[in-house]
file protein39.pdb (PDB, C-alpha atoms)
ATOM      1  CA  MET S   1      13.757 122.000 108.065  1.00  0.00           C
ATOM      2  CA  PRO S   2      17.402 123.032 108.250  1.00  0.00           C
ATOM      3  CA  LYS S   3      17.788 126.663 109.238  1.00  0.00           C
ATOM      4  CA  VAL S   4      21.300 128.088 109.319  1.00  0.00           C
ATOM      5  CA  GLY S   5      21.369 131.559 110.798  1.00  0.00           C
ATOM      6  CA  ASP S   6      18.758 133.595 108.945  1.00  0.00           C
ATOM      7  CA  ILE S   7      18.487 131.344 105.879  1.00  0.00           C
ATOM      8  CA  TRP S   8      16.911 127.976 105.126  1.00  0.00           C
ATOM      9  CA  GLU S   9      19.514 125.531 103.862  1.00  0.00           C
ATOM     10  CA  SER S  10      18.484 123.562 100.763  1.00  0.00           C
ATOM     11  CA  TYR S  11      18.340 119.797 100.972  1.00  0.00           C
ATOM     12  CA  ARG S  12      21.098 117.954  99.181  1.00  0.00           C
ATOM     13  CA  SER S  13      20.107 115.232  96.752  1.00  0.00           C
ATOM     14  CA  ASN S  14      22.737 112.706  97.845  1.00  0.00           C
ATOM     15  CA  GLU S  15      21.055 111.102 100.874  1.00  0.00           C
ATOM     16  CA  PHE S  16      18.063 108.826 100.179  1.00  0.00           C
ATOM     17  CA  ILE S  17      16.699 105.305 100.594  1.00  0.00           C
ATOM     18  CA  LEU S  18      14.687 103.331  98.033  1.00  0.00           C
ATOM     19  CA  ARG S  19      12.268 100.801  99.521  1.00  0.00           C
ATOM     20  CA  VAL S  20      10.444  98.267  97.335  1.00  0.00           C
ATOM     21  CA  ASP S  21       7.579  96.501  99.125  1.00  0.00           C
ATOM     22  CA  GLY S  22       9.008  97.856 102.413  1.00  0.00           C
ATOM     23  CA  VAL S  23      12.497  96.371 101.889  1.00  0.00           C
ATOM     24  CA  PRO S  24      15.393  98.861 101.634  1.00  0.00           C
ATOM     25  CA  SER S  25      17.563  98.605  98.519  1.00  0.00           C
ATOM     26  CA  PRO S  26      21.183  99.477  99.349  1.00  0.00           C
ATOM     27  CA  GLY S  27      23.555 100.290  96.521  1.00  0.00           C
ATOM     28  CA  VAL S  28      21.115 102.573  94.689  1.00  0.00           C
ATOM     29  CA  THR S  29      23.135 105.580  93.541  1.00  0.00           C
ATOM     30  CA  LYS S  30      20.579 107.573  91.562  1.00  0.00           C
ATOM     31  CA  ILE S  31      16.824 107.846  91.114  1.00  0.00           C
ATOM     32  CA  GLY S  32      15.394 109.918  88.278  1.00  0.00           C
ATOM     33  CA  GLY S  33      11.851 110.691  87.184  1.00  0.00           C
ATOM     34  CA  LEU S  34      10.504 112.118  90.443  1.00  0.00           C
ATOM     35  CA  SER S  35       7.591 113.800  88.716  1.00  0.00           C
ATOM     36  CA  GLU S  36       4.291 114.144  90.570  1.00  0.00           C
ATOM     37  CA  GLY S  37       2.405 113.963  87.286  1.00  0.00           C
ATOM     38  CA  GLU S  38       1.441 115.937  84.248  1.00  0.00           C
ATOM     39  CA  ILE S  39      -1.988 116.804  82.878  1.00  0.00           C
ATOM     40  CA  ASP S  40      -2.417 117.219  79.130  1.00  0.00           C
ATOM     41  CA  THR S  41      -3.734 120.493  77.777  1.00  0.00           C
ATOM     42  CA  ILE S  42      -6.623 120.661  75.332  1.00  0.00           C
ATOM     43  CA  GLU S  43      -6.709 123.670  73.034  1.00  0.00           C
ATOM     44  CA  GLN S  44     -10.244 124.759  72.209  1.00  0.00           C
ATOM     45  CA  PRO S  45     -10.611 127.479  69.567  1.00  0.00           C
ATOM     46  CA  ASP S  46     -13.270 130.111  70.079  1.00  0.00           C
ATOM     47  CA  GLY S  47     -15.326 130.023  66.853  1.00  0.00           C
ATOM     48  CA  GLY S  48     -15.114 133.201  64.795  1.00  0.00           C
ATOM     49  CA  SER S  49     -12.171 134.690  66.718  1.00  0.00           C
ATOM     50  CA  ASN S  50      -8.413 134.277  66.965  1.00  0.00           C
ATOM     51  CA  HIS S  51      -8.585 133.239  70.610  1.00  0.00           C
ATOM     52  CA  VAL S  52      -7.794 129.697  71.734  1.00  0.00           C
ATOM     53  CA  TYR S  53      -8.809 128.588  75.217  1.00  0.00           C
ATOM     54  CA  LYS S  54      -6.614 126.133  77.040  1.00  0.00           C
ATOM     55  CA  ILE S  55      -8.301 123.680  79.355  1.00  0.00           C
ATOM     56  CA  ALA S  56      -6.979 120.801  81.423  1.00  0.00           C
ATOM     57  CA  ALA S  57      -7.597 117.283  80.190  1.00  0.00           C
ATOM     58  CA  THR S  58      -8.663 114.620  82.660  1.00  0.00           C
ATOM     59  CA  LYS S  59      -5.746 112.220  82.095  1.00  0.00           C
ATOM     60  CA  ILE S  60      -2.739 112.363  84.403  1.00  0.00           C
ATOM     61  CA  LYS S  61       0.564 110.932  83.149  1.00  0.00           C
ATOM     62  CA  PHE S  62       3.561 109.946  85.250  1.00  0.00           C
ATOM     63  CA  GLU S  63       7.217 109.724  84.223  1.00  0.00           C
ATOM     64  CA  PRO S  64       8.882 106.350  84.705  1.00  0.00           C
ATOM     65  CA  LEU S  65      11.393 106.059  87.548  1.00  0.00           C
ATOM     66  CA  THR S  66      14.974 105.398  86.486  1.00  0.00           C
ATOM     67  CA  ILE S  67      17.075 103.673  89.132  1.00  0.00           C
ATOM     68  CA  GLU S  68      20.842 103.247  88.988  1.00  0.00           C
ATOM     69  CA  ARG S  69      22.513 100.779  91.327  1.00  0.00           C
ATOM     70  CA  TYR S  70      25.857  99.080  91.739  1.00  0.00           C
ATOM     71  CA  VAL S  71      26.075  95.400  90.849  1.00  0.00           C
ATOM     72  CA  ASP S  72      27.984  93.803  93.710  1.00  0.00           C
ATOM     73  CA  GLY S  73      26.812  90.206  94.185  1.00  0.00           C
ATOM     74  CA  SER S  74      24.641  91.153  97.171  1.00  0.00           C
ATOM     75  CA  PRO S  75      21.096  89.810  97.758  1.00  0.00           C
ATOM     76  CA  GLU S  76      19.849  92.997  96.042  1.00  0.00           C
ATOM     77  CA  ASP S  77      21.181  91.699  92.720  1.00  0.00           C
ATOM     78  CA  LYS S  78      18.952  88.632  93.087  1.00  0.00           C
ATOM     79  CA  ARG S  79      15.888  90.626  94.217  1.00  0.00           C
ATOM     80  CA  PHE S  80      15.995  92.889  91.141  1.00  0.00           C
ATOM     81  CA  LYS S  81      16.827  89.928  88.857  1.00  0.00           C
ATOM     82  CA  ASP S  82      13.860  87.954  90.230  1.00  0.00           C
ATOM     83  CA  TRP S  83      11.523  90.931  89.703  1.00  0.00           C
ATOM     84  CA  PHE S  84      12.820  91.362  86.138  1.00  0.00           C
ATOM     85  CA  ASN S  85      12.468  87.627  85.416  1.00  0.00           C
ATOM     86  CA  ALA S  86       8.931  87.543  86.842  1.00  0.00           C
ATOM     87  CA  THR S  87       7.987  90.450  84.586  1.00  0.00           C
ATOM     88  CA  PHE S  88       9.589  89.103  81.425  1.00  0.00           C
ATOM     89  CA  LYS S  89       9.407  85.347  82.166  1.00  0.00           C
ATOM     90  CA  ILE S  90      12.495  84.551  80.125  1.00  0.00           C
ATOM     91  CA  GLY S  91      12.137  81.288  78.160  1.00  0.00           C
ATOM     92  CA  ASN S  92       8.340  81.416  78.288  1.00  0.00           C
ATOM     93  CA  ASN S  93       6.194  82.513  75.366  1.00  0.00           C
ATOM     94  CA  ARG S  94       3.809  84.361  77.711  1.00  0.00           C
ATOM     95  CA  PRO S  95       5.500  87.249  79.517  1.00  0.00           C
ATOM     96  CA  GLY S  96       4.192  88.381  82.911  1.00  0.00           C
ATOM     97  CA  GLY S  97       4.342  91.977  81.718  1.00  0.00           C
ATOM     98  CA  SER S  98       2.775  94.646  83.852  1.00  0.00           C
ATOM     99  CA  SER S  99       0.900  92.147  86.024  1.00  0.00           C
ATOM    100  CA  ILE S 100       3.949  91.814  88.332  1.00  0.00           C
ATOM    101  CA  ARG S 101       3.623  95.051  90.315  1.00  0.00           C
ATOM    102  CA  LYS S 102       5.158  96.374  93.512  1.00  0.00           C
ATOM    103  CA  ASN S 103       4.716  99.471  95.654  1.00  0.00           C
ATOM    104  CA  GLY S 104       7.555 101.436  97.167  1.00  0.00           C
ATOM    105  CA  THR S 105       8.873 104.603  98.702  1.00  0.00           C
ATOM    106  CA  ILE S 106      11.810 106.917  98.234  1.00  0.00           C
ATOM    107  CA  GLU S 107      12.826 108.510 101.521  1.00  0.00           C
ATOM    108  CA  LYS S 108      14.809 111.753 101.307  1.00  0.00           C
ATOM    109  CA  LEU S 109      17.144 112.100 104.262  1.00  0.00           C
ATOM    110  CA  HIS S 110      18.906 115.199 105.586  1.00  0.00           C
ATOM    111  CA  ASN S 111      21.674 114.523 108.089  1.00  0.00           C
ATOM    112  CA  GLY S 112      20.227 111.055 108.686  1.00  0.00           C
ATOM    113  CA  GLU S 113      16.641 112.229 109.347  1.00  0.00           C
ATOM    114  CA  ILE S 114      13.744 111.564 106.960  1.00  0.00           C
ATOM    115  CA  VAL S 115      12.504 114.944 105.697  1.00  0.00           C
ATOM    116  CA  MET S 116      10.406 113.914 102.693  1.00  0.00           C
ATOM    117  CA  THR S 117       8.889 110.698 101.354  1.00  0.00           C
ATOM    118  CA  PHE S 118       7.677 109.888  97.868  1.00  0.00           C
ATOM    119  CA  ALA S 119       5.419 106.854  97.414  1.00  0.00           C
ATOM    120  CA  PHE S 120       5.040 105.059  94.091  1.00  0.00           C
ATOM    121  CA  TYR S 121       2.277 102.606  93.329  1.00  0.00           C
ATOM    122  CA  SER S 122       1.852  99.498  91.157  1.00  0.00           C
ATOM    123  CA  ALA S 123       5.316  99.650  89.589  1.00  0.00           C
ATOM    124  CA  TRP S 124       6.691  97.073  87.185  1.00  0.00           C
ATOM    125  CA  VAL S 125      10.064  96.652  85.483  1.00  0.00           C
ATOM    126  CA  LYS S 126       9.990  98.235  82.037  1.00  0.00           C
ATOM    127  CA  SER S 127      13.662  97.625  81.277  1.00  0.00           C
ATOM    128  CA  SER S 128      16.979  96.642  82.799  1.00  0.00           C
ATOM    129  CA  LYS S 129      20.437  97.215  81.366  1.00  0.00           C
ATOM    130  CA  PHE S 130      24.014  97.076  82.567  1.00  0.00           C
ATOM    131  CA  SER S 131      27.037  99.291  82.064  1.00  0.00           C
ATOM    132  CA  ASP S 132      29.374  98.445  79.206  1.00  0.00           C
ATOM    133  CA  PHE S 133      32.334  96.149  79.757  1.00  0.00           C
ATOM    134  CA  GLU S 134      35.560  97.931  78.927  1.00  0.00           C
ATOM    135  CA  ALA S 135      39.053  96.479  79.219  1.00  0.00           C
ATOM    136  CA  GLY S 136      41.359  98.695  81.258  1.00  0.00           C
ATOM    137  CA  SER S 137      38.490 100.620  82.842  1.00  0.00           C
ATOM    138  CA  THR S 138      38.315 101.255  86.579  1.00  0.00           C
ATOM    139  CA  ASN S 139      34.568 101.994  86.580  1.00  0.00           C
ATOM    140  CA  ALA S 140      32.245 100.036  88.859  1.00  0.00           C
ATOM    141  CA  MET S 141      29.534  97.968  87.156  1.00  0.00           C
ATOM    142  CA  LYS S 142      26.074  99.543  87.312  1.00  0.00           C
ATOM    143  CA  GLN S 143      22.568  98.407  86.487  1.00  0.00           C
ATOM    144  CA  THR S 144      19.936 100.841  85.207  1.00  0.00           C
ATOM    145  CA  ILE S 145      16.345  99.805  85.887  1.00  0.00           C
ATOM    146  CA  VAL S 146      13.332 101.677  84.499  1.00  0.00           C
ATOM    147  CA  LEU S 147      10.095 101.290  86.446  1.00  0.00           C
ATOM    148  CA  GLU S 148       6.697 102.228  85.051  1.00  0.00           C
ATOM    149  CA  HIS S 149       4.132 103.002  87.730  1.00  0.00           C
ATOM    150  CA  GLU S 150       0.572 104.147  88.340  1.00  0.00           C
ATOM    151  CA  GLY S 151       1.434 107.194  90.405  1.00  0.00           C
ATOM    152  CA  LEU S 152       3.980 109.031  92.507  1.00  0.00           C
ATOM    153  CA  GLU S 153       3.079 111.350  95.348  1.00  0.00           C
ATOM    154  CA  ARG S 154       4.691 113.062  98.318  1.00  0.00           C
ATOM    155  CA  VAL S 155       3.355 111.609 101.525  1.00  0.00           C
ATOM    156  CA  GLU S 156       3.634 112.648 105.166  1.00  0.00           C
TER     157      GLU S 156
END
call {"tool": "encode", "arguments": {"input": "protein39.pdb", "output": "structure tokens"}}
result
Amino acid sequence: MPKVGDIWESYRSNEFILRVDGVPSPGVTKIGGLSEGEIDTIEQPDGGSNHVYKIAATKIKFEPLTIERYVDGSPEDKRFKDWFNATFKIGNNRPGGSSIRKNGTIEKLHNGEIVMTFAFYSAWVKSSKFSDFEAGSTNAMKQTIVLEHEGLERVE
């Protein structure tokens, strides 16, 4: 933990590594959806009164992970394309769908040291899209990948 003088310095969100099946994915510029889960609430009225009790449901939901990465012709382009193609099986009437799953981690670094790790389980590609082409633009081409998964947790 970074302590500067008498205060604890907050971690910055700009230093991280995405690993899919243990392989680092360079070029990832943003990861969204780092939610550890949400439990639905059931409202149960108390008969004969105006009071409503709120109780936790038993289902836990997880937000999908949204990954942004630069498209640069590197082997990473092929790895994500192959995962997408295995999920959607382009040109085949029977898509692979959510049966093509991978595990991974997101390592939060602070000054080059790992300070926090999130693990996601049984993820599959929900969607993949690319940035718009625009004549005269100086923007770099990006790919946005949405991963559905079975869970995300902070691990030691």
call {"tool": "atom_distance", "arguments": {"input": "protein39.pdb", "atom1": "atom CA of S:Gln143", "atom2": "atom CA of S:Val20"}}
result
16.3 Å
call {"tool": "closest_residue", "arguments": {"input": "protein39.pdb", "among": "S:Trp124, S:Phe62, S:Phe130, S:Tyr11", "to": "S:Lys142", "atoms": "all atoms listed in the file"}}
result
S:Phe130
call {"tool": "atom_distance", "arguments": {"input": "protein39.pdb", "atom1": "atom CA of S:Val4", "atom2": "atom CA of S:Leu109"}}
result
17.3 Å
call {"tool": "resolve_selection", "arguments": {"input": "protein39.pdb", "expression": "the PyMOL selection byres ((chain S and resi 120-123) around 12)", "output": "count of residues only"}}
result
47
call {"tool": "axis_aligned_box", "arguments": {"input": "protein39.pdb", "around": "stretch 49-55 of chain S", "padding_each_side": "6 Å", "output": "lines of an AutoDock Vina configuration file"}}
result
center_x = -9.4
center_y = 129.2
center_z = 73.0
size_x = 17.6
size_y = 23.0
size_z = 24.6
call {"tool": "atom_distance", "arguments": {"input": "protein39.pdb", "atom1": "atom CA of S:Asn111", "atom2": "atom CA of S:Thr144"}}
result
26.7 Å
call {"tool": "build_atoms", "arguments": {"input": "protein39.pdb", "residues": "stretch 109-123 of chain S", "atoms": "N, CA and C atoms", "output": "PDB file, keeping the file's coordinate frame"}}
result
ATOM      1  N   LEU S 109      16.565 111.851 102.946  1.00  0.00           N
ATOM      2  CA  LEU S 109      17.144 112.100 104.262  1.00  0.00           C
ATOM      3  C   LEU S 109      17.937 113.398 104.242  1.00  0.00           C
ATOM      4  N   HIS S 110      18.043 114.037 105.396  1.00  0.00           N
ATOM      5  CA  HIS S 110      18.906 115.199 105.586  1.00  0.00           C
ATOM      6  C   HIS S 110      19.586 115.010 106.925  1.00  0.00           C
ATOM      7  N   ASN S 111      20.889 114.821 106.886  1.00  0.00           N
ATOM      8  CA  ASN S 111      21.674 114.523 108.089  1.00  0.00           C
ATOM      9  C   ASN S 111      21.104 113.326 108.844  1.00  0.00           C
ATOM     10  N   GLY S 112      20.709 112.298 108.102  1.00  0.00           N
ATOM     11  CA  GLY S 112      20.227 111.055 108.686  1.00  0.00           C
ATOM     12  C   GLY S 112      18.767 111.029 109.085  1.00  0.00           C
ATOM     13  N   GLU S 113      18.064 112.147 108.984  1.00  0.00           N
ATOM     14  CA  GLU S 113      16.641 112.229 109.347  1.00  0.00           C
ATOM     15  C   GLU S 113      15.783 112.272 108.087  1.00  0.00           C
ATOM     16  N   ILE S 114      14.668 111.528 108.092  1.00  0.00           N
ATOM     17  CA  ILE S 114      13.744 111.564 106.960  1.00  0.00           C
ATOM     18  C   ILE S 114      13.029 112.915 106.943  1.00  0.00           C
ATOM     19  N   VAL S 115      13.141 113.630 105.816  1.00  0.00           N
ATOM     20  CA  VAL S 115      12.504 114.944 105.697  1.00  0.00           C
ATOM     21  C   VAL S 115      11.413 114.964 104.627  1.00  0.00           C
ATOM     22  N   MET S 116      11.401 113.950 103.762  1.00  0.00           N
ATOM     23  CA  MET S 116      10.406 113.914 102.693  1.00  0.00           C
ATOM     24  C   MET S 116      10.296 112.467 102.204  1.00  0.00           C
ATOM     25  N   THR S 117       9.097 112.051 101.876  1.00  0.00           N
ATOM     26  CA  THR S 117       8.889 110.698 101.354  1.00  0.00           C
ATOM     27  C   THR S 117       8.016 110.759 100.115  1.00  0.00           C
ATOM     28  N   PHE S 118       8.460 110.070  99.083  1.00  0.00           N
ATOM     29  CA  PHE S 118       7.677 109.888  97.868  1.00  0.00           C
ATOM     30  C   PHE S 118       7.212 108.440  97.853  1.00  0.00           C
ATOM     31  N   ALA S 119       5.951 108.207  97.543  1.00  0.00           N
ATOM     32  CA  ALA S 119       5.419 106.854  97.414  1.00  0.00           C
ATOM     33  C   ALA S 119       5.071 106.618  95.951  1.00  0.00           C
ATOM     34  N   PHE S 120       5.451 105.437  95.442  1.00  0.00           N
ATOM     35  CA  PHE S 120       5.040 105.059  94.091  1.00  0.00           C
ATOM     36  C   PHE S 120       4.211 103.791  94.188  1.00  0.00           C
ATOM     37  N   TYR S 121       3.280 103.653  93.238  1.00  0.00           N
ATOM     38  CA  TYR S 121       2.277 102.606  93.329  1.00  0.00           C
ATOM     39  C   TYR S 121       2.257 101.742  92.064  1.00  0.00           C
ATOM     40  N   SER S 122       2.054 100.450  92.254  1.00  0.00           N
ATOM     41  CA  SER S 122       1.852  99.498  91.157  1.00  0.00           C
ATOM     42  C   SER S 122       2.938  99.605  90.092  1.00  0.00           C
ATOM     43  N   ALA S 123       4.197  99.537  90.522  1.00  0.00           N
ATOM     44  CA  ALA S 123       5.316  99.650  89.589  1.00  0.00           C
ATOM     45  C   ALA S 123       5.700  98.285  89.033  1.00  0.00           C
TER      46      ALA S 123
END
